[in-house]
file coords.pdb (PDB, C-alpha atoms)
ATOM      1  CA  MET N 884      -4.472 -26.907   8.520
ATOM      2  CA  GLY N 885      -8.164 -26.066   8.478
ATOM      3  CA  GLU N 886      -9.865 -22.680   8.537
ATOM      4  CA  SER N 887     -10.843 -23.111  12.196
ATOM      5  CA  GLU N 888      -7.197 -23.587  13.117
ATOM      6  CA  GLY N 889      -6.230 -20.204  11.679
ATOM      7  CA  GLU N 890      -5.399 -20.926   8.048
ATOM      8  CA  PRO N 891      -6.676 -17.897   6.095
ATOM      9  CA  SER N 892      -9.386 -18.208   3.493
ATOM     10  CA  ALA N 893      -8.810 -17.094  -0.100
ATOM     11  CA  ARG N 894      -8.944 -13.304  -0.481
ATOM     12  CA  PHE N 895      -7.489 -10.275  -2.224
ATOM     13  CA  ASN N 896      -7.138  -6.512  -1.573
ATOM     14  CA  HIS N 897      -6.185  -7.250   2.034
ATOM     15  CA  ILE N 898      -3.619  -5.967   4.563
ATOM     16  CA  LEU N 899      -0.537  -8.030   5.403
ATOM     17  CA  ALA N 900       1.744  -6.068   7.716
ATOM     18  CA  PRO N 901       4.917  -7.199   9.545
ATOM     19  CA  VAL N 902       5.294  -6.248  13.205
ATOM     20  CA  GLY N 903       8.119  -7.794  15.186
ATOM     21  CA  GLY N 904       8.416 -11.471  14.359
ATOM     22  CA  LYS N 905       4.853 -11.792  13.109
ATOM     23  CA  SER N 906       2.732 -10.823  10.100
ATOM     24  CA  TYR N 907      -0.834  -9.595  10.573
ATOM     25  CA  LEU N 908      -3.511 -10.388   7.972
ATOM     26  CA  LEU N 909      -6.493  -8.035   8.042
ATOM     27  CA  GLY N 910      -9.557  -7.437   5.874
ATOM     28  CA  GLY N 911      -9.765  -7.990   2.147
ATOM     29  CA  GLU N 912     -12.512  -9.395  -0.015
ATOM     30  CA  THR N 913     -13.557 -12.742  -1.387
ATOM     31  CA  ASP N 914     -14.606 -13.794  -4.875
ATOM     32  CA  LYS N 915     -17.890 -14.936  -3.310
ATOM     33  CA  PHE N 916     -19.428 -11.563  -4.094
ATOM     34  CA  GLU N 917     -22.972 -12.703  -3.398
ATOM     35  CA  GLU N 918     -22.137 -13.808   0.148
ATOM     36  CA  VAL N 919     -22.357 -10.748   2.391
ATOM     37  CA  TYR N 920     -21.743 -12.986   5.417
ATOM     38  CA  GLU N 921     -18.382 -14.070   4.020
ATOM     39  CA  ARG N 922     -17.254 -10.459   3.514
ATOM     40  CA  ASN N 923     -18.306  -9.500   7.034
ATOM     41  CA  ARG N 924     -16.543 -12.533   8.484
ATOM     42  CA  ILE N 925     -13.293 -11.649   6.721
ATOM     43  CA  ALA N 926     -13.549  -8.080   8.020
ATOM     44  CA  GLY N 927     -13.975  -9.225  11.617
ATOM     45  CA  VAL N 928     -11.287 -11.897  11.908
ATOM     46  CA  LEU N 929      -7.583 -11.249  12.350
ATOM     47  CA  ARG N 930      -5.024 -13.881  11.377
ATOM     48  CA  ILE N 931      -1.424 -13.869  12.546
ATOM     49  CA  PHE N 932       1.512 -15.764  11.096
ATOM     50  CA  ASP N 933       4.353 -16.487  13.529
ATOM     51  CA  HIS N 934       7.626 -16.386  11.581
ATOM     52  CA  SER N 935       9.655 -18.377  14.101
ATOM     53  CA  ALA N 936       7.013 -21.098  14.559
ATOM     54  CA  LYS N 937       6.237 -21.015  10.815
ATOM     55  CA  GLN N 938       2.528 -21.394  11.387
ATOM     56  CA  TRP N 939      -0.727 -19.486  11.607
ATOM     57  CA  GLU N 940      -2.117 -18.782  15.059
ATOM     58  CA  ALA N 941      -5.747 -19.410  15.971
ATOM     59  CA  ASP N 942      -8.272 -16.855  14.706
ATOM     60  CA  HIS N 943      -8.654 -13.601  16.626
ATOM     61  CA  ASP N 944     -12.168 -12.154  16.589
ATOM     62  CA  ILE N 945     -11.898  -8.358  16.380
ATOM     63  CA  SER N 946     -15.448  -7.820  15.112
ATOM     64  CA  LYS N 947     -16.498  -6.432  18.500
ATOM     65  CA  SER N 948     -14.162  -3.444  18.326
ATOM     66  CA  GLY N 949     -17.220  -1.195  18.103
ATOM     67  CA  ASN N 950     -17.021   1.872  15.910
ATOM     68  CA  GLU N 951     -13.235   2.008  16.256
ATOM     69  CA  LYS N 952     -12.516  -0.432  13.446
ATOM     70  CA  PRO N 953     -12.020   1.100   9.991
ATOM     71  CA  PRO N 954     -15.028   1.023   7.665
ATOM     72  CA  GLY N 955     -12.850   0.434   4.604
ATOM     73  CA  VAL N 956     -11.658  -3.161   4.803
ATOM     74  CA  ARG N 957     -10.290  -3.525   1.268
ATOM     75  CA  THR N 958      -7.805  -1.654  -0.961
ATOM     76  CA  GLY N 959      -6.983   0.686   1.894
ATOM     77  CA  GLY N 960      -3.531   2.125   2.468
ATOM     78  CA  PHE N 961      -1.537   0.690   5.359
ATOM     79  CA  VAL N 962       1.898   0.880   6.938
ATOM     80  CA  SER N 963       3.371  -0.522  10.165
ATOM     81  CA  ARG N 964       5.541   1.263  12.730
ATOM     82  CA  GLU N 965       6.644  -0.205  16.073
ATOM     83  CA  LYS N 966       3.624  -2.086  17.494
ATOM     84  CA  PHE N 967       1.015  -0.320  15.367
ATOM     85  CA  ILE N 968      -0.495  -0.886  11.920
ATOM     86  CA  TYR N 969      -1.870   2.329  10.412
ATOM     87  CA  SER N 970      -4.764   2.119   7.963
ATOM     88  CA  PHE N 971      -6.180   4.894   5.783
ATOM     89  CA  GLY N 972      -9.310   4.973   3.637
ATOM     90  CA  GLY N 973     -10.290   1.970   1.567
ATOM     91  CA  ARG N 974     -13.468   0.681  -0.002
ATOM     92  CA  ALA N 975     -16.689  -0.304   1.709
ATOM     93  CA  ASP N 976     -17.818  -3.888   2.193
ATOM     94  CA  THR N 977     -20.341  -3.415  -0.614
ATOM     95  CA  GLY N 978     -20.671  -1.020  -3.514
ATOM     96  CA  PHE N 979     -18.138   1.635  -4.500
ATOM     97  CA  GLY N 980     -18.130   3.754  -1.341
ATOM     98  CA  ARG N 981     -14.725   4.950  -0.121
ATOM     99  CA  TYR N 982     -13.476   6.538   3.080
ATOM    100  CA  ASN N 983     -10.879   9.018   4.304
ATOM    101  CA  THR N 984     -10.655   7.940   7.938
ATOM    102  CA  LEU N 985      -7.411   7.069   9.701
ATOM    103  CA  HIS N 986      -7.059   4.182  12.181
ATOM    104  CA  LYS N 987      -4.324   2.228  13.879
ATOM    105  CA  PHE N 988      -4.306  -1.349  15.114
ATOM    106  CA  ASP N 989      -2.528  -2.038  18.418
ATOM    107  CA  THR N 990      -0.927  -5.478  18.059
ATOM    108  CA  GLU N 991      -0.439  -5.789  21.835
ATOM    109  CA  ARG N 992      -3.973  -4.855  22.913
ATOM    110  CA  MET N 993      -5.431  -6.440  19.760
ATOM    111  CA  GLU N 994      -7.801  -3.589  19.058
ATOM    112  CA  TRP N 995      -8.457  -0.811  16.569
ATOM    113  CA  ILE N 996      -8.063   2.834  17.583
ATOM    114  CA  ALA N 997      -9.677   5.575  15.496
ATOM    115  CA  PHE N 998      -7.878   8.873  15.061
ATOM    116  CA  PRO N 999     -10.199  11.820  15.747
ATOM    117  CA  PRO N1000     -11.333  13.918  12.782
ATOM    118  CA  SER N1001      -8.840  16.529  11.644
ATOM    119  CA  VAL N1002      -9.346  20.006  13.097
ATOM    120  CA  ASN N1003      -8.343  21.335   9.683
ATOM    121  CA  THR N1004     -11.113  19.899   7.513
ATOM    122  CA  ALA N1005     -10.036  21.949   4.482
ATOM    123  CA  GLU N1006      -6.791  19.952   4.378
ATOM    124  CA  THR N1007      -8.365  16.499   4.752
ATOM    125  CA  PRO N1008      -7.668  14.008   1.918
ATOM    126  CA  ILE N1009     -10.538  12.985  -0.335
ATOM    127  CA  ARG N1010     -12.362   9.703   0.230
ATOM    128  CA  LYS N1011     -10.171   7.208  -1.605
ATOM    129  CA  ALA N1012      -8.481   3.830  -1.910
ATOM    130  CA  GLY N1013      -5.457   2.528  -3.799
ATOM    131  CA  CYS N1014      -2.908   4.737  -2.035
ATOM    132  CA  GLU N1015       0.110   3.460  -0.127
ATOM    133  CA  PRO N1016       1.404   5.564   2.806
ATOM    134  CA  VAL N1017       4.898   5.649   4.270
ATOM    135  CA  ILE N1018       6.084   7.075   7.600
ATOM    136  CA  ILE N1019       9.028   9.492   7.691
ATOM    137  CA  ASP N1020       9.967  11.445  10.846
ATOM    138  CA  ASP N1021       6.739  10.368  12.578
ATOM    139  CA  LYS N1022       4.733  11.823   9.708
ATOM    140  CA  LEU N1023       2.392   9.628   7.718
ATOM    141  CA  CYS N1024       2.875  10.622   4.062
ATOM    142  CA  LEU N1025      -0.046  10.008   1.709
ATOM    143  CA  PHE N1026       0.050  10.506  -2.066
ATOM    144  CA  GLY N1027      -2.582  10.071  -4.762
ATOM    145  CA  GLY N1028      -5.239   7.388  -4.794
ATOM    146  CA  TYR N1029      -8.566   6.617  -6.466
ATOM    147  CA  GLY N1030     -11.689   8.124  -5.008
ATOM    148  CA  THR N1031     -14.383  10.764  -4.872
ATOM    149  CA  PRO N1032     -13.877  14.493  -4.207
ATOM    150  CA  ASN N1033     -15.567  15.558  -0.983
ATOM    151  CA  GLY N1034     -14.744  19.247  -1.132
ATOM    152  CA  PRO N1035     -12.345  21.702  -2.751
ATOM    153  CA  LEU N1036      -9.282  20.087  -4.303
ATOM    154  CA  GLN N1037      -5.906  20.567  -2.669
ATOM    155  CA  PRO N1038      -4.138  23.602  -4.184
ATOM    156  CA  ASP N1039      -1.692  22.676  -6.984
ATOM    157  CA  SER N1040      -3.086  19.121  -7.172
ATOM    158  CA  CYS N1041      -5.057  17.576 -10.041
ATOM    159  CA  PHE N1042      -8.006  15.209 -10.290
ATOM    160  CA  ASP N1043      -8.664  13.017 -13.340
ATOM    161  CA  TYR N1044     -12.156  11.560 -13.635
ATOM    162  CA  ASP N1045     -12.240   8.065 -15.068
ATOM    163  CA  GLU N1046     -13.513   7.890 -18.625
ATOM    164  CA  GLY N1047     -17.298   7.735 -18.625
ATOM    165  CA  LEU N1048     -17.494   8.312 -14.868
ATOM    166  CA  TYR N1049     -18.327  11.600 -13.178
ATOM    167  CA  ASP N1050     -18.075  10.707  -9.530
ATOM    168  CA  ARG N1051     -14.641   9.106  -9.128
ATOM    169  CA  GLY N1052     -11.123   9.024 -10.486
ATOM    170  CA  ASN N1053      -7.437   9.543  -9.633
ATOM    171  CA  THR N1054      -5.782  12.338  -7.662
ATOM    172  CA  ASN N1055      -2.179  13.439  -7.061
ATOM    173  CA  GLU N1056      -2.773  15.289  -3.818
ATOM    174  CA  PHE N1057      -0.133  14.907  -1.089
ATOM    175  CA  HIS N1058      -0.878  15.063   2.634
ATOM    176  CA  LEU N1059       0.992  14.644   5.914
ATOM    177  CA  TYR N1060      -0.320  13.560   9.321
ATOM    178  CA  SER N1061       1.701  13.636  12.554
ATOM    179  CA  ILE N1062       1.099  10.243  14.190
ATOM    180  CA  LYS N1063       2.663  11.424  17.463
ATOM    181  CA  ASN N1064       0.730  14.648  17.954
ATOM    182  CA  VAL N1065      -2.747  13.194  18.421
ATOM    183  CA  ALA N1066      -3.788  15.817  21.000
ATOM    184  CA  VAL N1067      -4.369  18.227  18.096
ATOM    185  CA  PRO N1068      -5.123  15.961  15.121
ATOM    186  CA  TYR N1069      -4.744  17.491  11.706
ATOM    187  CA  TRP N1070      -3.799  16.796   8.114
ATOM    188  CA  ILE N1071      -1.588  19.292   6.315
ATOM    189  CA  SER N1072      -0.734  19.730   2.650
ATOM    190  CA  GLY N1073       2.847  18.968   1.752
ATOM    191  CA  LYS N1074       4.765  21.503  -0.327
ATOM    192  CA  VAL N1075       5.499  19.531  -3.499
ATOM    193  CA  SER N1076       8.388  20.321  -5.857
ATOM    194  CA  GLY N1077      10.198  18.606  -8.728
ATOM    195  CA  ASP N1078       8.561  16.059 -11.032
ATOM    196  CA  ARG N1079       5.158  15.685  -9.403
ATOM    197  CA  PRO N1080       3.561  12.400 -10.586
ATOM    198  CA  PRO N1081       0.230  12.633 -12.432
ATOM    199  CA  PRO N1082      -2.979  11.539 -10.684
ATOM    200  CA  CYS N1083      -2.338   7.880  -9.927
ATOM    201  CA  SER N1084      -3.504   4.943  -7.803
ATOM    202  CA  TYR N1085      -2.598   1.320  -7.064
ATOM    203  CA  TYR N1086       1.133   2.073  -7.269
ATOM    204  CA  THR N1087       3.762   1.048  -4.717
ATOM    205  CA  LEU N1088       5.540   3.544  -2.472
ATOM    206  CA  THR N1089       8.404   1.889  -0.601
ATOM    207  CA  LEU N1090      10.628   3.451   2.053
ATOM    208  CA  VAL N1091      14.312   2.828   1.212
ATOM    209  CA  ASP N1092      16.023   4.955   3.884
ATOM    210  CA  THR N1093      15.095   7.469   6.581
ATOM    211  CA  ARG N1094      14.276  10.226   4.071
ATOM    212  CA  ARG N1095      13.453   8.618   0.722
ATOM    213  CA  ALA N1096      10.777   6.383  -0.777
ATOM    214  CA  VAL N1097      10.493   4.872  -4.261
ATOM    215  CA  MET N1098       7.226   5.074  -6.179
ATOM    216  CA  PHE N1099       6.689   2.646  -9.066
ATOM    217  CA  GLY N1100       3.884   1.954 -11.520
ATOM    218  CA  GLY N1101       0.200   2.511 -10.939
ATOM    219  CA  TYR N1102      -3.089   3.216 -12.663
ATOM    220  CA  THR N1103      -3.751   6.576 -14.380
ATOM    221  CA  LYS N1104      -6.414   8.045 -16.654
ATOM    222  CA  THR N1105      -4.419   6.940 -19.710
ATOM    223  CA  GLY N1106      -3.803   3.423 -18.384
ATOM    224  CA  ARG N1107      -1.141   1.646 -16.380
ATOM    225  CA  VAL N1108       2.379   3.078 -16.139
ATOM    226  CA  ASN N1109       5.918   1.914 -15.293
ATOM    227  CA  ASP N1110       7.503   5.179 -14.168
ATOM    228  CA  VAL N1111       9.825   5.408 -11.163
ATOM    229  CA  TYR N1112       9.937   8.434  -8.852
ATOM    230  CA  ILE N1113      12.260   9.069  -5.920
ATOM    231  CA  MET N1114      10.354  10.896  -3.183
ATOM    232  CA  THR N1115      12.371  12.837  -0.580
ATOM    233  CA  LEU N1116      10.792  14.470   2.486
ATOM    234  CA  ASP N1117      12.278  17.359   4.477
ATOM    235  CA  GLY N1118       9.857  18.742   7.058
ATOM    236  CA  ILE N1119       6.688  19.421   5.083
ATOM    237  CA  ASN N1120       8.613  19.801   1.817
ATOM    238  CA  VAL N1121       8.488  16.843  -0.543
ATOM    239  CA  ASN N1122      10.442  16.503  -3.776
ATOM    240  CA  PHE N1123       9.734  14.008  -6.552
ATOM    241  CA  LYS N1124      12.436  13.125  -9.073
ATOM    242  CA  LYS N1125      11.482  11.003 -12.066
ATOM    243  CA  MET N1126      14.009   8.312 -12.969
ATOM    244  CA  ARG N1127      15.248   8.258 -16.551
ATOM    245  CA  LYS N1128      14.468   5.029 -18.401
ATOM    246  CA  TYR N1129      17.198   3.053 -20.112
ATOM    247  CA  GLY N1130      18.126  -0.585 -20.552
ATOM    248  CA  LEU N1131      15.788  -3.315 -19.352
ATOM    249  CA  TRP N1132      12.584  -1.994 -17.785
ATOM    250  CA  PRO N1133       9.526  -3.714 -16.270
ATOM    251  CA  LYS N1134       6.182  -3.703 -18.063
ATOM    252  CA  LYS N1135       3.541  -1.135 -17.215
ATOM    253  CA  ARG N1136       1.430  -2.345 -14.296
ATOM    254  CA  SER N1137      -0.697  -1.595 -11.233
ATOM    255  CA  SER N1138      -1.713  -3.489  -8.069
ATOM    256  CA  HIS N1139       1.754  -5.033  -7.763
ATOM    257  CA  ALA N1140       3.935  -5.490  -4.668
ATOM    258  CA  ALA N1141       7.369  -4.211  -3.663
ATOM    259  CA  CYS N1142       9.743  -4.279  -0.712
ATOM    260  CA  VAL N1143      13.191  -2.882   0.053
ATOM    261  CA  LEU N1144      16.478  -4.745   0.416
ATOM    262  CA  ASN N1145      19.408  -3.131   2.262
ATOM    263  CA  TYR N1146      17.212  -0.530   3.983
ATOM    264  CA  ASP N1147      19.038   2.667   4.982
ATOM    265  CA  GLN N1148      22.343   1.311   3.672
ATOM    266  CA  GLU N1149      24.553   2.204   0.761
ATOM    267  CA  PHE N1150      22.925   1.232  -2.557
ATOM    268  CA  PRO N1151      19.427   0.189  -1.373
ATOM    269  CA  GLN N1152      17.472  -2.067  -3.743
ATOM    270  CA  LEU N1153      13.780  -2.375  -4.567
ATOM    271  CA  LEU N1154      12.329  -5.855  -5.123
ATOM    272  CA  MET N1155       9.142  -5.721  -7.208
ATOM    273  CA  THR N1156       6.809  -8.433  -8.467
ATOM    274  CA  GLY N1157       3.396  -9.147  -9.953
ATOM    275  CA  GLY N1158       0.517  -6.811 -10.688
ATOM    276  CA  LEU N1159      -1.912  -6.287 -13.556
ATOM    277  CA  ASP N1160      -0.628  -5.338 -17.008
ATOM    278  CA  GLU N1161      -2.272  -3.083 -19.614
ATOM    279  CA  ASN N1162      -4.582  -5.934 -20.640
ATOM    280  CA  ILE N1163      -5.617  -6.552 -17.010
ATOM    281  CA  GLN N1164      -3.691  -9.828 -17.035
ATOM    282  CA  ALA N1165      -1.824 -10.959 -13.924
ATOM    283  CA  LEU N1166       1.971 -10.734 -14.066
ATOM    284  CA  GLY N1167       4.354 -13.150 -12.336
ATOM    285  CA  ASP N1168       7.731 -11.589 -13.075
ATOM    286  CA  LEU N1169      10.289 -10.443 -10.494
ATOM    287  CA  TRP N1170      12.583  -7.404 -10.802
ATOM    288  CA  LEU N1171      15.346  -5.796  -8.752
ATOM    289  CA  LEU N1172      16.016  -2.035  -8.950
ATOM    290  CA  SER N1173      19.289  -0.474  -7.827
ATOM    291  CA  VAL N1174      17.782   2.754  -6.487
ATOM    292  CA  ASP N1175      20.872   4.969  -6.687
ATOM    293  CA  LEU N1176      22.103   3.606 -10.024
ATOM    294  CA  GLY N1177      18.670   3.510 -11.672
ATOM    295  CA  ILE N1178      19.243   0.034 -13.106
ATOM    296  CA  TRP N1179      16.620  -2.729 -13.266
ATOM    297  CA  ILE N1180      17.628  -6.400 -13.298
ATOM    298  CA  LYS N1181      15.120  -9.098 -14.210
ATOM    299  CA  ALA N1182      15.064 -12.341 -12.232
ATOM    300  CA  TYR N1183      15.019 -15.698 -13.984
ATOM    301  CA  PHE N1184      13.572 -18.860 -12.452
ATOM    302  CA  PHE N1185      15.118 -22.225 -13.161
ATOM    303  CA  CYS N1186      14.750 -25.757 -11.846
ATOM    304  CA  VAL N1187      17.063 -28.768 -12.081
ATOM    305  CA  SER N1188      16.436 -32.418 -11.259
ATOM    306  CA  TYR N1189      19.064 -34.267  -9.241
ATOM    307  CA  ILE N1190      18.766 -37.720  -7.666
ATOM    308  CA  GLY N1191      15.009 -37.687  -8.003
ATOM    309  CA  LEU N1192      14.637 -34.270  -6.395
ATOM    310  CA  VAL N1193      13.743 -30.976  -8.089
ATOM    311  CA  HIS N1194      15.728 -27.936  -6.976
ATOM    312  CA  CYS N1195      14.481 -24.460  -7.944
ATOM    313  CA  ALA N1196      16.268 -21.132  -7.654
ATOM    314  CA  ILE N1197      16.053 -17.485  -8.672
ATOM    315  CA  MET N1198      18.937 -15.869 -10.551
ATOM    316  CA  PHE N1199      19.372 -12.166 -11.306
TER     317      PHE N1199
END

call {"tool": "encode", "arguments": {"input": "coords.pdb", "output": "structure tokens"}}
result
Amino acid sequence: MGESEGEPSARFNHILAPVGGKSYLLGGETDKFEEVYERNRIAGVLRIFDHSAKQWEADHDISKSGNEKPPGVRTGGFVSREKFIYSFGGRADTGFGRYNTLHKFDTERMEWIAFPPSVNTAETPIRKAGCEPVIIDDKLCLFGGYGTPNGPLQPDSCFDYDEGLYDRGNTNEFHLYSIKNVAVPYWISGKVSGDRPPPCSYYTLTLVDTRRAVMFGGYTKTGRVNDVYIMTLDGINVNFKKMRKYGLWPKKRSSHAACVLNYDQEFPQLLMTGGLDENIQALGDLWLLSVDLGIWIKAYFFCVSYIGLVHCAIMF
């Protein structure tokens, strides 16, 4: 299938969000760094994969969404709920600029909608990327990220400047935004208790039931980490509990991917794969975490040849 027929071009740091029976591919960047046109084209074209038809639909041009589309089209935080895809922050098309704007994409109307600026500017998150939001009780929860301070730091939070850099680094601030109450838009600071993670970015934060999310890995001032935290939200109160390490454990990493199995059921599991290790080398391993038992299981790939055919499987 050619590019004109909807097959996506090569990219990274993009959004891929499931809504209904489809997955929506938005933004990202190309390795053709010198081609500004290519970056702009990626930012303005939406691609949709239909799960039932098992094919990509024709391109959807959303470049004419005016000023409603988010300025940060790469490494932004995103999460889907009902027919909407919510996007926060991200990096600019060029340079190292970052944003702290909040948008949502309506998959029925096929257009971006910008949330108005918060009436409580003192509580607004810093301009950042590399943070992964979750939605609990119609509240968008946002932790950490990598960015630039644009005002006073959130009380009780920390900011670690990257070594040799004086304009950007990691934060461990925690904010909430009510996605239903848009008549009076505002960010608020969550009341954090327990084992608050250090300033961190490019981790995964995965919802496992209606109240809890699992945070794994990420990039910190001292390097990449492989810690696990269970985050629990109650109103505006958030508690982090660090999981004790024992037995097999994944390597330290950032920029990986994770999803939940058995959501909101007894013994939910976290499926995690890939990322960059401490030597900035890509990882291809696959792990399964029993969230309530705190046990990691590593997956093993094997292939067998039978009657001229090769059969491959994954075994935990």

call {"tool": "residues_around", "arguments": {"input": "coords.pdb", "residues": "Tyr1029 (chain N)", "least_positions_apart": "3", "cutoff": "12 Å", "atoms": "all atoms listed in the file", "output": "ChimeraX atom specification"}}
result
/N:958-960,972-974,979-983,1008-1015,1026,1032,1042-1045,1050-1056,1082-1086,1101-1104

call {"tool": "residues_around", "arguments": {"input": "coords.pdb", "residues": "Asp1117 (chain N)", "least_positions_apart": "3", "cutoff": "8 Å", "atoms": "all atoms listed in the file", "output": "list in words"}}
result
Arg1094, Asn1120 and Val1121 of chain N

call {"tool": "closest_residue", "arguments": {"input": "coords.pdb", "among": "N:Gly903, N:Gly1100, N:Gly1118, N:Pro953", "to": "Met1155 (chain N)", "atoms": "all atoms listed in the file"}}
result
N:Gly1100

call {"tool": "atom_distance", "arguments": {"input": "coords.pdb", "atom1": "CA of Gly911 (chain N)", "atom2": "CA of Ala975 (chain N)"}}
result
10.4 Å

call {"tool": "resolve_selection", "arguments": {"input": "coords.pdb", "expression": "the PyMOL selection byres ((chain N and resi 1132) around 9)", "output": "PyMOL selection string"}}
result
chain N and resi 1109+1128-1131+1133-1134+1170+1178-1181

call {"tool": "atom_distance", "arguments": {"input": "coords.pdb", "atom1": "CA of Phe1057 (chain N)", "atom2": "CA of Thr1115 (chain N)"}}
result
12.7 Å

call {"tool": "atom_distance", "arguments": {"input": "coords.pdb", "atom1": "CA of Glu951 (chain N)", "atom2": "CA of Tyr907 (chain N)"}}
result
17.9 Å

call {"tool": "closest_residue", "arguments": {"input": "coords.pdb", "among": "N:Pro1038, N:Pro1000, N:Gly904, N:Gly1027", "to": "Gln938 (chain N)", "atoms": "only C-alpha atoms"}}
result
N:Gly904

call {"tool": "closest_residue", "arguments": {"input": "coords.pdb", "among": "N:Ile1062, N:Cys1142, N:Leu1116, N:Val962", "to": "Val1075 (chain N)", "atoms": "only C-alpha atoms"}}
result
N:Leu1116

call {"tool": "resolve_selection", "arguments": {"input": "coords.pdb", "expression": "the PyMOL selection byres ((chain N and resi 1098) around 6)", "output": "ChimeraX atom specification"}}
result
/N:1087-1088,1097,1099,1111-1112

call {"tool": "closest_residue", "arguments": {"input": "coords.pdb", "among": "N:Cys1041, N:Leu1159, N:Leu1171, N:Met1114", "to": "Thr1089 (chain N)", "atoms": "all atoms listed in the file"}}
result
N:Met1114

call {"tool": "closest_residue", "arguments": {"input": "coords.pdb", "among": "N:Pro1068, N:Pro1151, N:Pro1035, N:Gly910", "to": "Thr1093 (chain N)", "atoms": "only C-alpha atoms"}}
result
N:Pro1151

call {"tool": "residues_around", "arguments": {"input": "coords.pdb", "residues": "Val1017 (chain N)", "least_positions_apart": "4", "cutoff": "9 Å", "atoms": "all atoms listed in the file", "output": "PDB file with C-alpha atoms, in the coordinates of the input"}}
result
ATOM      1  CA  PHE N 961      -1.537   0.690   5.359  1.00  0.00           C
ATOM      2  CA  VAL N 962       1.898   0.880   6.938  1.00  0.00           C
ATOM      3  CA  SER N 963       3.371  -0.522  10.165  1.00  0.00           C
ATOM      4  CA  LYS N1022       4.733  11.823   9.708  1.00  0.00           C
ATOM      5  CA  LEU N1023       2.392   9.628   7.718  1.00  0.00           C
ATOM      6  CA  CYS N1024       2.875  10.622   4.062  1.00  0.00           C
ATOM      7  CA  LEU N1025      -0.046  10.008   1.709  1.00  0.00           C
ATOM      8  CA  LEU N1088       5.540   3.544  -2.472  1.00  0.00           C
ATOM      9  CA  THR N1089       8.404   1.889  -0.601  1.00  0.00           C
ATOM     10  CA  LEU N1090      10.628   3.451   2.053  1.00  0.00           C
ATOM     11  CA  ALA N1096      10.777   6.383  -0.777  1.00  0.00           C
TER      12      ALA N1096
END

call {"tool": "residues_near_point", "arguments": {"input": "coords.pdb", "point": "(21.4, 0.2, -5.4)", "cutoff": "6 Å", "atoms": "all atoms listed in the file", "output": "JSON, numbers by chain"}}
result
{"N": [1150, 1151, 1152, 1173, 1174, 1175, 1176]}

call {"tool": "write_last_selection", "arguments": {"input": "coords.pdb", "atoms": "C-alpha atoms", "output": "PDB file, in the coordinates of the input"}}
result
ATOM      1  CA  PHE N1150      22.925   1.232  -2.557  1.00  0.00           C
ATOM      2  CA  PRO N1151      19.427   0.189  -1.373  1.00  0.00           C
ATOM      3  CA  GLN N1152      17.472  -2.067  -3.743  1.00  0.00           C
ATOM      4  CA  SER N1173      19.289  -0.474  -7.827  1.00  0.00           C
ATOM      5  CA  VAL N1174      17.782   2.754  -6.487  1.00  0.00           C
ATOM      6  CA  ASP N1175      20.872   4.969  -6.687  1.00  0.00           C
ATOM      7  CA  LEU N1176      22.103   3.606 -10.024  1.00  0.00           C
TER       8      LEU N1176
END
